[in-house]
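Source file: entry.pdb. Holds: PDB, C-alpha atoms and all ligand atoms.
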ATOM      1  CA  MET A   1      35.140  51.702 116.899
ATOM      2  CA  ASN A   2      38.177  52.301 119.037
ATOM      3  CA  VAL A   3      40.879  53.137 116.509
ATOM      4  CA  GLY A   4      43.104  54.900 119.006
ATOM      5  CA  ILE A   5      44.876  58.182 118.520
ATOM      6  CA  LYS A   6      48.450  59.187 118.065
ATOM      7  CA  ILE A   7      49.460  61.278 121.053
ATOM      8  CA  PRO A   8      51.418  64.458 120.183
ATOM      9  CA  ALA A   9      54.931  64.840 121.597
ATOM     10  CA  VAL A  10      54.312  68.330 123.039
ATOM     11  CA  PRO A  11      52.753  68.012 126.520
ATOM     12  CA  LEU A  12      50.110  70.725 126.011
ATOM     13  CA  ASP A  13      48.966  69.160 122.731
ATOM     14  CA  ALA A  14      48.995  65.709 124.292
ATOM     15  CA  ALA A  15      46.925  66.883 127.271
ATOM     16  CA  LEU A  16      44.404  68.471 124.886
ATOM     17  CA  ALA A  17      44.287  65.256 122.836
ATOM     18  CA  TYR A  18      43.447  63.213 125.928
ATOM     19  CA  ALA A  19      40.818  65.751 127.006
ATOM     20  CA  ALA A  20      39.229  65.608 123.546
ATOM     21  CA  LEU A  21      38.685  61.883 124.160
ATOM     22  CA  GLY A  22      37.037  62.650 127.489
ATOM     23  CA  VAL A  23      40.082  61.731 129.604
ATOM     24  CA  LYS A  24      40.438  64.009 132.623
ATOM     25  CA  VAL A  25      44.022  65.208 133.097
ATOM     26  CA  PHE A  26      45.971  67.353 135.552
ATOM     27  CA  ARG A  27      49.502  68.690 135.932
ATOM     28  CA  VAL A  28      52.129  66.596 137.674
ATOM     29  CA  ARG A  29      55.554  67.977 138.474
ATOM     30  CA  ARG A  30      58.581  66.078 137.235
ATOM     31  CA  ASP A  31      59.518  65.249 140.833
ATOM     32  CA  LYS A  32      55.876  64.432 141.609
ATOM     33  CA  ALA A  33      55.684  67.220 144.225
ATOM     34  CA  PRO A  34      52.127  68.566 144.251
ATOM     35  CA  TYR A  35      51.144  72.013 143.053
ATOM     36  CA  ALA A  36      50.451  74.363 145.941
ATOM     37  CA  ASN A  37      47.202  74.354 147.827
ATOM     38  CA  CYS A  38      45.453  77.618 148.543
ATOM     39  CA  PRO A  39      45.433  78.476 152.298
ATOM     40  CA  ARG A  40      41.875  77.263 152.798
ATOM     41  CA  CYS A  41      42.817  73.858 151.392
ATOM     42  CA  ASP A  42      46.244  73.564 153.021
ATOM     43  CA  MET A  43      45.959  71.474 156.169
ATOM     44  CA  LYS A  44      48.980  73.243 157.649
ATOM     45  CA  SER A  45      47.496  76.703 157.193
ATOM     46  CA  SER A  46      45.794  78.577 160.041
ATOM     47  CA  ILE A  47      42.746  79.284 157.889
ATOM     48  CA  TYR A  48      42.379  75.715 156.642
ATOM     49  CA  ILE A  49      38.725  74.722 156.328
ATOM     50  CA  LYS A  50      38.156  71.024 156.702
ATOM     51  CA  HIS A  51      36.541  69.549 153.588
ATOM     52  CA  ARG A  52      36.703  66.562 151.300
ATOM     53  CA  PRO A  53      38.645  67.197 148.060
ATOM     54  CA  GLU A  54      35.664  66.191 145.955
ATOM     55  CA  ASP A  55      33.570  68.821 147.731
ATOM     56  CA  CYS A  56      36.115  71.646 147.384
ATOM     57  CA  ARG A  57      34.600  74.989 146.400
ATOM     58  CA  CYS A  58      37.673  77.184 146.700
ATOM     59  CA  GLY A  59      37.840  77.828 142.960
ATOM     60  CA  VAL A  60      41.587  77.126 142.743
ATOM     61  CA  PRO A  61      41.575  73.913 140.760
ATOM     62  CA  THR A  62      45.064  72.712 141.645
ATOM     63  CA  CYS A  63      44.407  72.309 145.348
ATOM     64  CA  HIS A  64      43.780  68.603 145.615
ATOM     65  CA  GLY A  65      46.031  66.810 143.174
ATOM     66  CA  PHE A  66      44.149  64.450 140.911
ATOM     67  CA  TRP A  67      40.793  65.809 142.067
ATOM     68  CA  ALA A  68      41.676  68.822 139.914
ATOM     69  CA  ALA A  69      41.736  66.694 136.754
ATOM     70  CA  THR A  70      39.643  68.147 133.973
ATOM     71  CA  THR A  71      38.739  68.059 130.285
ATOM     72  CA  ASP A  72      38.359  71.866 130.305
ATOM     73  CA  THR A  73      40.554  73.054 127.430
ATOM     74  CA  GLY A  74      40.869  76.574 128.864
ATOM     75  CA  LEU A  75      42.253  75.281 132.118
ATOM     76  CA  ILE A  76      44.534  72.804 130.372
ATOM     77  CA  ARG A  77      45.967  75.566 128.160
ATOM     78  CA  LYS A  78      46.517  77.745 131.224
ATOM     79  CA  TRP A  79      48.305  74.990 133.163
ATOM     80  CA  TRP A  80      50.657  73.946 130.378
ATOM     81  CA  THR A  81      51.308  77.517 129.307
ATOM     82  CA  GLU A  82      52.493  78.204 132.853
ATOM     83  CA  GLU A  83      54.503  74.953 132.928
ATOM     84  CA  PRO A  84      55.110  73.713 129.379
ATOM     85  CA  ASP A  85      57.119  70.698 130.555
ATOM     86  CA  ALA A  86      54.741  69.538 133.270
ATOM     87  CA  ASN A  87      53.902  65.849 133.122
ATOM     88  CA  ILE A  88      50.357  64.684 132.454
ATOM     89  CA  GLY A  89      48.527  62.849 135.206
ATOM     90  CA  ALA A  90      45.206  61.052 134.890
ATOM     91  CA  PRO A  91      43.178  59.876 137.878
ATOM     92  CA  CYS A  92      42.183  56.227 137.530
ATOM     93  CA  LYS A  93      38.797  55.881 139.195
ATOM     94  CA  LEU A  94      37.614  59.353 138.128
ATOM     95  CA  ASN A  95      38.278  58.295 134.521
ATOM     96  CA  GLY A  96      36.504  54.993 135.055
ATOM     97  CA  TRP A  97      39.773  53.019 135.007
ATOM     98  CA  ALA A  98      41.527  50.520 137.198
ATOM     99  CA  VAL A  99      45.177  49.985 136.328
ATOM    100  CA  LEU A 100      47.514  47.084 136.961
ATOM    101  CA  ASP A 101      50.904  48.680 137.602
ATOM    102  CA  ILE A 102      53.780  46.239 137.145
ATOM    103  CA  ASP A 103      57.139  47.340 138.540
ATOM    104  CA  PRO A 104      59.906  44.923 137.527
ATOM    105  CA  ARG A 105      62.361  46.567 139.931
ATOM    106  CA  HIS A 106      60.321  45.092 142.772
ATOM    107  CA  GLY A 107      59.593  41.710 141.221
ATOM    108  CA  GLY A 108      56.413  42.782 139.418
ATOM    109  CA  ASP A 109      57.305  40.820 136.283
ATOM    110  CA  VAL A 110      57.681  37.620 138.321
ATOM    111  CA  SER A 111      54.398  38.348 140.127
ATOM    112  CA  LEU A 112      52.598  38.969 136.824
ATOM    113  CA  ARG A 113      53.861  35.637 135.471
ATOM    114  CA  ARG A 114      52.634  33.860 138.581
ATOM    115  CA  ILE A 115      49.268  35.626 138.467
ATOM    116  CA  GLU A 116      48.842  34.488 134.863
ATOM    117  CA  GLU A 117      49.915  30.941 135.701
ATOM    118  CA  ARG A 118      47.217  30.967 138.301
ATOM    119  CA  VAL A 119      44.285  32.705 136.640
ATOM    120  CA  GLY A 120      45.159  32.340 132.955
ATOM    121  CA  LEU A 121      46.275  35.084 130.592
ATOM    122  CA  LEU A 122      44.838  38.470 131.420
ATOM    123  CA  PRO A 123      42.538  39.939 128.763
ATOM    124  CA  GLY A 124      44.310  42.103 126.199
ATOM    125  CA  THR A 125      43.760  45.826 126.639
ATOM    126  CA  CYS A 126      45.456  49.184 126.376
ATOM    127  CA  MET A 127      48.961  49.180 127.930
ATOM    128  CA  GLN A 128      51.645  51.744 128.589
ATOM    129  CA  ILE A 129      55.384  51.324 129.124
ATOM    130  CA  THR A 130      56.409  53.590 131.965
ATOM    131  CA  GLY A 131      59.688  55.443 131.718
ATOM    132  CA  GLY A 132      61.026  53.116 134.426
ATOM    133  CA  ASP A 133      60.463  49.962 132.323
ATOM    134  CA  GLY A 134      57.274  49.202 134.203
ATOM    135  CA  LEU A 135      53.968  48.392 132.604
ATOM    136  CA  HIS A 136      50.521  49.923 133.076
ATOM    137  CA  ILE A 137      47.650  47.647 132.053
ATOM    138  CA  LEU A 138      44.421  49.658 131.804
ATOM    139  CA  TYR A 139      40.996  48.155 132.427
ATOM    140  CA  LEU A 140      37.578  49.576 133.202
ATOM    141  CA  SER A 141      36.994  50.208 136.897
ATOM    142  CA  PRO A 142      35.030  47.465 138.627
ATOM    143  CA  GLY A 143      33.244  50.209 140.585
ATOM    144  CA  PHE A 144      34.476  49.342 144.046
ATOM    145  CA  ASP A 145      37.753  49.503 145.929
ATOM    146  CA  LEU A 146      40.582  47.125 145.137
ATOM    147  CA  PRO A 147      43.460  46.077 147.389
ATOM    148  CA  GLY A 148      46.402  48.406 146.779
ATOM    149  CA  GLU A 149      49.412  46.129 146.427
ATOM    150  CA  PRO A 150      48.308  42.491 146.339
ATOM    151  CA  PHE A 151      51.650  41.048 145.154
ATOM    152  CA  PRO A 152      55.244  42.280 145.312
ATOM    153  CA  GLY A 153      55.873  44.782 142.538
ATOM    154  CA  VAL A 154      52.209  44.791 141.481
ATOM    155  CA  GLU A 155      49.947  47.667 142.369
ATOM    156  CA  PHE A 156      46.246  47.918 141.654
ATOM    157  CA  LYS A 157      45.892  51.624 140.870
ATOM    158  CA  HIS A 158      42.359  52.754 141.317
ATOM    159  CA  ASN A 159      41.796  55.486 143.846
ATOM    160  CA  ASN A 160      44.904  57.345 142.654
ATOM    161  CA  TYR A 161      46.455  58.327 139.337
ATOM    162  CA  ILE A 162      48.903  57.344 136.633
ATOM    163  CA  VAL A 163      51.215  59.487 134.512
ATOM    164  CA  LEU A 164      50.476  59.399 130.780
ATOM    165  CA  ALA A 165      52.664  59.422 127.645
ATOM    166  CA  PRO A 166      54.626  61.414 126.575
ATOM    167  CA  SER A 167      55.488  62.416 130.167
ATOM    168  CA  LEU A 168      59.104  62.192 131.241
ATOM    169  CA  HIS A 169      60.086  59.637 133.896
ATOM    170  CA  ALA A 170      62.812  60.351 136.471
ATOM    171  CA  SER A 171      65.004  57.879 134.536
ATOM    172  CA  GLY A 172      65.041  60.280 131.571
ATOM    173  CA  ASN A 173      62.837  57.994 129.467
ATOM    174  CA  ARG A 174      59.377  58.913 128.290
ATOM    175  CA  TYR A 175      56.175  57.028 128.987
ATOM    176  CA  LYS A 176      54.823  55.514 125.804
ATOM    177  CA  TRP A 177      51.809  53.520 124.720
ATOM    178  CA  TYR A 178      52.489  49.897 124.007
ATOM    179  CA  GLY A 179      52.550  48.529 120.476
ATOM    180  CA  ASP A 180      51.954  51.113 117.758
ATOM    181  CA  GLY A 181      52.231  53.980 120.237
ATOM    182  CA  ARG A 182      48.588  54.991 119.854
ATOM    183  CA  PHE A 183      46.306  55.488 122.832
ATOM    184  CA  TYR A 184      43.182  53.345 122.874
ATOM    185  CA  LYS A 185      40.605  54.255 125.470
ATOM    186  CA  PRO A 186      40.203  51.277 127.805
ATOM    187  CA  GLU A 187      37.093  49.243 126.964
ATOM    188  CA  VAL A 188      37.888  45.920 128.624
ATOM    189  CA  ALA A 189      36.446  45.117 132.048
ATOM    190  CA  TRP A 190      38.754  44.537 135.012
ATOM    191  CA  PRO A 191      39.377  40.745 135.025
ATOM    192  CA  ALA A 192      36.923  38.912 137.268
ATOM    193  CA  THR A 193      39.786  36.664 138.392
ATOM    194  CA  LEU A 194      41.502  39.680 139.974
ATOM    195  CA  LEU A 195      38.475  40.761 141.956
ATOM    196  CA  PRO A 196      38.485  40.274 145.711
ATOM    197  CA  ARG A 197      36.883  36.888 146.282
ATOM    198  CA  LYS A 198      33.693  38.257 147.780
ATOM    199  CA  GLU A 199      33.067  40.353 144.659
ATOM    200  CA  ARG A 200      33.627  37.564 142.138
ATOM    201  CA  PRO A 201      30.628  36.295 140.219
ATOM    202  CA  ARG A 202      29.419  33.057 141.772
ATOM    203  CA  VAL A 203      30.462  29.969 139.853
ATOM    204  CA  PRO A 204      27.378  27.799 139.368
ATOM    205  CA  GLY A 205      27.549  24.327 140.842
ATOM    206  CA  ARG A 206      30.072  25.283 143.473
ATOM    207  CA  PRO A 207      28.439  25.303 146.867
ATOM    208  CA  ARG A 208      30.305  27.408 149.387
ATOM    209  CA  THR A 209      31.935  25.355 152.078
ATOM    210  CA  GLN A 210      30.508  26.538 155.328
ATOM    211  CA  GLN A 211      31.310  23.550 157.500
ATOM    212  CA  SER A 212      34.447  22.503 159.298
ATOM    213  CA  LEU A 213      35.880  19.024 158.796
ATOM    214  CA  SER A 214      33.894  17.730 161.719
ATOM    215  CA  GLY A 215      30.768  18.923 160.012
ATOM    216  CA  ILE A 216      30.086  21.572 162.596
ATOM    217  CA  ARG A 217      30.531  25.203 161.775
ATOM    218  CA  ARG A 218      32.142  26.982 164.640
ATOM    219  CA  PRO A 219      32.020  30.741 164.209
ATOM    220  CA  GLY A 220      34.765  32.553 166.052
ATOM    221  CA  LYS A 221      37.068  29.522 165.972
ATOM    222  CA  HIS A 222      38.740  30.364 162.690
ATOM    223  CA  TRP A 223      41.918  32.148 161.759
ATOM    224  CA  THR A 224      41.748  35.881 161.234
ATOM    225  CA  VAL A 225      44.123  37.934 159.075
ATOM    226  CA  GLN A 226      45.573  39.300 162.291
ATOM    227  CA  THR A 227      46.283  35.890 163.855
ATOM    228  CA  LEU A 228      47.787  34.640 160.581
ATOM    229  CA  VAL A 229      50.097  37.651 160.448
ATOM    230  CA  GLN A 230      50.986  37.116 164.099
ATOM    231  CA  HIS A 231      51.896  33.509 163.328
ATOM    232  CA  VAL A 232      54.455  34.700 160.765
ATOM    233  CA  MET A 233      55.765  37.495 162.987
ATOM    234  CA  ASP A 234      56.259  35.098 165.918
ATOM    235  CA  ALA A 235      58.247  32.509 163.957
ATOM    236  CA  SER A 236      61.801  31.864 165.065
ATOM    237  CA  GLU A 237      64.590  32.502 162.603
ATOM    238  CA  GLY A 238      64.997  29.477 160.352
ATOM    239  CA  ASN A 239      61.306  28.736 160.675
ATOM    240  CA  ARG A 240      59.991  31.812 158.931
ATOM    241  CA  ASN A 241      59.445  30.414 155.499
ATOM    242  CA  ALA A 242      57.649  27.364 156.907
ATOM    243  CA  SER A 243      55.475  29.616 159.058
ATOM    244  CA  LEU A 244      54.580  31.756 156.071
ATOM    245  CA  TYR A 245      53.655  28.616 154.145
ATOM    246  CA  PHE A 246      51.538  27.356 157.035
ATOM    247  CA  ALA A 247      49.775  30.719 157.359
ATOM    248  CA  ALA A 248      49.219  30.978 153.597
ATOM    249  CA  CYS A 249      47.612  27.500 153.562
ATOM    250  CA  ARG A 250      45.338  28.421 156.474
ATOM    251  CA  ALA A 251      44.483  31.703 154.684
ATOM    252  CA  GLN A 252      43.329  29.715 151.652
ATOM    253  CA  GLU A 253      41.101  27.454 153.735
ATOM    254  CA  THR A 254      39.712  30.220 155.902
ATOM    255  CA  ALA A 255      38.989  32.391 152.865
ATOM    256  CA  ASP A 256      37.257  29.499 151.179
ATOM    257  CA  GLN A 257      34.956  29.211 154.161
ATOM    258  CA  GLY A 258      34.116  32.844 153.628
ATOM    259  CA  PHE A 259      35.594  34.113 156.899
ATOM    260  CA  ILE A 260      38.369  36.280 155.466
ATOM    261  CA  ASP A 261      39.212  37.879 152.155
ATOM    262  CA  LEU A 262      42.031  36.000 150.440
ATOM    263  CA  TYR A 263      43.592  39.035 148.786
ATOM    264  CA  GLU A 264      43.603  40.925 152.024
ATOM    265  CA  ALA A 265      45.159  37.945 153.811
ATOM    266  CA  GLU A 266      47.822  37.348 151.154
ATOM    267  CA  THR A 267      48.722  41.020 151.043
ATOM    268  CA  ALA A 268      49.091  41.112 154.818
ATOM    269  CA  LEU A 269      51.097  37.868 154.843
ATOM    270  CA  ALA A 270      53.420  39.143 152.113
ATOM    271  CA  ALA A 271      54.015  42.283 154.180
ATOM    272  CA  ALA A 272      54.618  40.173 157.306
ATOM    273  CA  GLY A 273      57.062  37.940 155.392
ATOM    274  CA  SER A 274      58.890  41.031 154.242
ATOM    275  CA  ALA A 275      58.944  42.431 157.799
ATOM    276  CA  VAL A 276      60.631  39.280 159.148
ATOM    277  CA  GLY A 277      63.264  39.449 156.424
ATOM    278  CA  LEU A 278      62.096  37.039 153.730
ATOM    279  CA  GLY A 279      62.939  38.069 150.158
ATOM    280  CA  ASP A 280      60.221  39.055 147.690
ATOM    281  CA  GLY A 281      60.887  36.067 145.431
ATOM    282  CA  GLU A 282      60.727  33.670 148.356
ATOM    283  CA  ILE A 283      57.459  35.243 149.578
ATOM    284  CA  ILE A 284      55.769  34.977 146.190
ATOM    285  CA  ALA A 285      56.959  31.387 145.729
ATOM    286  CA  THR A 286      55.748  30.383 149.187
ATOM    287  CA  ILE A 287      52.317  32.000 148.902
ATOM    288  CA  GLN A 288      51.983  30.612 145.390
ATOM    289  CA  SER A 289      52.839  27.074 146.448
ATOM    290  CA  ALA A 290      50.303  27.302 149.275
ATOM    291  CA  ALA A 291      47.714  28.429 146.727
ATOM    292  CA  SER A 292      48.451  25.574 144.347
ATOM    293  CA  ARG A 293      48.695  22.663 146.758
ATOM    294  CA  PRO A 294      47.253  19.536 145.124
ATOM    295  CA  SER A 295      44.877  19.164 148.048
ATOM    296  CA  ASP A 296      43.512  22.642 147.474
ATOM    297  CA  LYS A 297      40.386  22.213 145.401
ATOM    298  CA  THR A 298      39.201  25.722 146.057
ATOM    299  CA  TRP A 299      41.032  27.400 143.244
ATOM    300  CA  ARG A 300      39.202  27.714 139.993
ATOM    301  CA  ALA A 301      40.506  29.742 137.095
ATOM    302  CA  ALA A 302      37.728  31.666 135.439
TER     303      ALA A 302
HETATM  304 ZN    ZN A 401      41.865  75.513 147.483
HETATM  305 ZN    ZN A 402      39.872  72.504 148.770
END
Using structure tokens, write down the structure from this file.
Amino acid sequence: MNVGIKIPAVPLDAALAYAALGVKVFRVRRDKAPYANCPRCDMKSSIYIKHRPEDCRCGVPTCHGFWAATTDTGLIRKWWTEEPDANIGAPCKLNGWAVLDIDPRHGGDVSLRRIEERVGLLPGTCMQITGGDGLHILYLSPGFDLPGEPFPGVEFKHNNYIVLAPSLHASGNRYKWYGDGRFYKPEVAWPATLLPRKERPRVPGRPRTQQSLSGIRRPGKHWTVQTLVQHVMDASEGNRNASLYFAACRAQETADQGFIDLYEAETALAAAGSAVGLGDGEIIATIQSAASRPSDKTWRAA
């Protein structure tokens, strides 16, 4: 049973407590600057040897950021003896996690509300309050890549890392686990409703629409993410919101026909909206209203 553990306040003890649960950790500087690479791993060095971080054999286990993460108590003691105040980082994917990172300073709380209005409440799981008043919601990794920042202020952290309690945030506040302050190892699967559409389990009884309105499927005659983005970028001032709405509606339809990935399209459209000067709130509201048009029968909450 997952009863959770109380995480000690001293960073070394906390890092050892995580490692004892099988959580791989590594040192993170307060300012997030990485620990130095050795010359063979430093791309700017003259003796740099090209290699993938996961294949590194240099024997200096701080060379590649979160790839150095470990449960080795000897190494953990060494790191935090050298730097007793270092923060504790944990890679997401390497620990089998995928994390929803909600940043209210960039509208993440509004986005989260809209996501839940759309897909229903997210399953309860282990959560952490970041020192910056953000929220980390930890799920099990779905095993494949997720879009990085699908909504304003919301990041899907997967192929990167998070900082763990009791680390100190730049604001001066400490990260802490939600609720009773204990850490519960994530055991809940990443919500199917947040998977890219192509990875979602098929809903029985819902044939995929593969035909255009005229009944003839015309490959090559559909919108692409690029042409949708271009539509928003080309809009005249005063017409930008309407163009974003138009593009978001077309994205829904085109994704439903299986030609594009909806998350990818919405992410790109949000970025395009931002690039032409629309505010985050306006962008979310516009994309959301395109997604929930009464005529749109494609949405189905799982
Ligand atoms: Zn190295
Ligand atoms: Zn290396």
Skipping near chain neighbours, those fewer than 6 positions away, what residues fall within 9 Å of Ser167 of chain A using only C-alpha atoms, listed as a list in words? Ala9, Pro11, Arg30, Asp85, Ala86, Asn87, Ile88, Gly89, Gly131, Asn173, Arg174, Tyr175 and Lys176 of chain A
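The spacing separating atom CA of Ile260 of chain A from atom CA of Ala189 of chain A amounts to 25.1 Å.
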Name the residues that the PyMOL selection byres (((chain A and resi 193) around 7) and not hetatm) picks from the file above, as a PyMOL selection string, using the file's chain letters and numbers. chain A and resi 119+191-192+194-195+302
Please give me, as a PyMOL selection string, the residues lying within 7 Å of ligand ZN 402 (chain A) when counting only C-alpha atoms and all ligand atoms. chain A and resi 40-41+51+53+56-58+63-64
Enumerate residues in contact with ligand ZN 401 (chain A): an atom-to-atom distance of at most 12 Å, counting all atoms listed in the file. Format the result as JSON, numbers by chain. {"A": [35, 36, 37, 38, 39, 40, 41, 42, 43, 45, 47, 48, 49, 50, 51, 52, 53, 54, 55, 56, 57, 58, 59, 60, 61, 62, 63, 64, 65, 67, 68]}
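Rounded to one decimal, atom CA of Thr286 of chain A and atom CA of Asp256 of chain A lie 18.6 Å from each other.
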I would like the residues chosen by the PyMOL selection byres (((chain A and resi 244) around 9) and not hetatm) on the shown file; could you give them as a PyMOL selection string? chain A and resi 228-229+231-232+235+239-243+245-249+269-270+272-273+283+286-287
For the selection you just gave me, I'd like the residues written to a file as a PDB file, in the coordinates of the input, keeping C-alpha atoms.
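Saved to out19.pdb:
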ATOM      1  CA  LEU A 228      47.787  34.640 160.581  1.00  0.00           C
ATOM      2  CA  VAL A 229      50.097  37.651 160.448  1.00  0.00           C
ATOM      3  CA  HIS A 231      51.896  33.509 163.328  1.00  0.00           C
ATOM      4  CA  VAL A 232      54.455  34.700 160.765  1.00  0.00           C
ATOM      5  CA  ALA A 235      58.247  32.509 163.957  1.00  0.00           C
ATOM      6  CA  ASN A 239      61.306  28.736 160.675  1.00  0.00           C
ATOM      7  CA  ARG A 240      59.991  31.812 158.931  1.00  0.00           C
ATOM      8  CA  ASN A 241      59.445  30.414 155.499  1.00  0.00           C
ATOM      9  CA  ALA A 242      57.649  27.364 156.907  1.00  0.00           C
ATOM     10  CA  SER A 243      55.475  29.616 159.058  1.00  0.00           C
ATOM     11  CA  TYR A 245      53.655  28.616 154.145  1.00  0.00           C
ATOM     12  CA  PHE A 246      51.538  27.356 157.035  1.00  0.00           C
ATOM     13  CA  ALA A 247      49.775  30.719 157.359  1.00  0.00           C
ATOM     14  CA  ALA A 248      49.219  30.978 153.597  1.00  0.00           C
ATOM     15  CA  CYS A 249      47.612  27.500 153.562  1.00  0.00           C
ATOM     16  CA  LEU A 269      51.097  37.868 154.843  1.00  0.00           C
ATOM     17  CA  ALA A 270      53.420  39.143 152.113  1.00  0.00           C
ATOM     18  CA  ALA A 272      54.618  40.173 157.306  1.00  0.00           C
ATOM     19  CA  GLY A 273      57.062  37.940 155.392  1.00  0.00           C
ATOM     20  CA  ILE A 283      57.459  35.243 149.578  1.00  0.00           C
ATOM     21  CA  THR A 286      55.748  30.383 149.187  1.00  0.00           C
ATOM     22  CA  ILE A 287      52.317  32.000 148.902  1.00  0.00           C
TER      23      ILE A 287
END
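Relative to atom CA of Gly4 of chain A, atom CA of Asn95 of chain A is found at 16.6 Å.
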Would you list the contacts of Val23 of chain A as a VMD selection string, taking every protein, DNA or RNA residue within 8 Å and counting only C-alpha atoms, but skipping same-chain residues closer than 6 positions in sequence? chain A and resid 70 to 71 90 95
Of A:Tyr18, A:Tyr139, A:Trp79, A:Tyr184, the one nearest to Val99 of chain A when counting only C-alpha atoms is A:Tyr139
Up to 8 Å from (43.3, 54.1, 139.0) in the file's coordinates: name the residues, counting all atoms listed in the file, as JSON, numbers by chain. {"A": [91, 92, 93, 94, 95, 96, 97, 98, 99, 141, 156, 157, 158, 159, 160, 161, 162]}
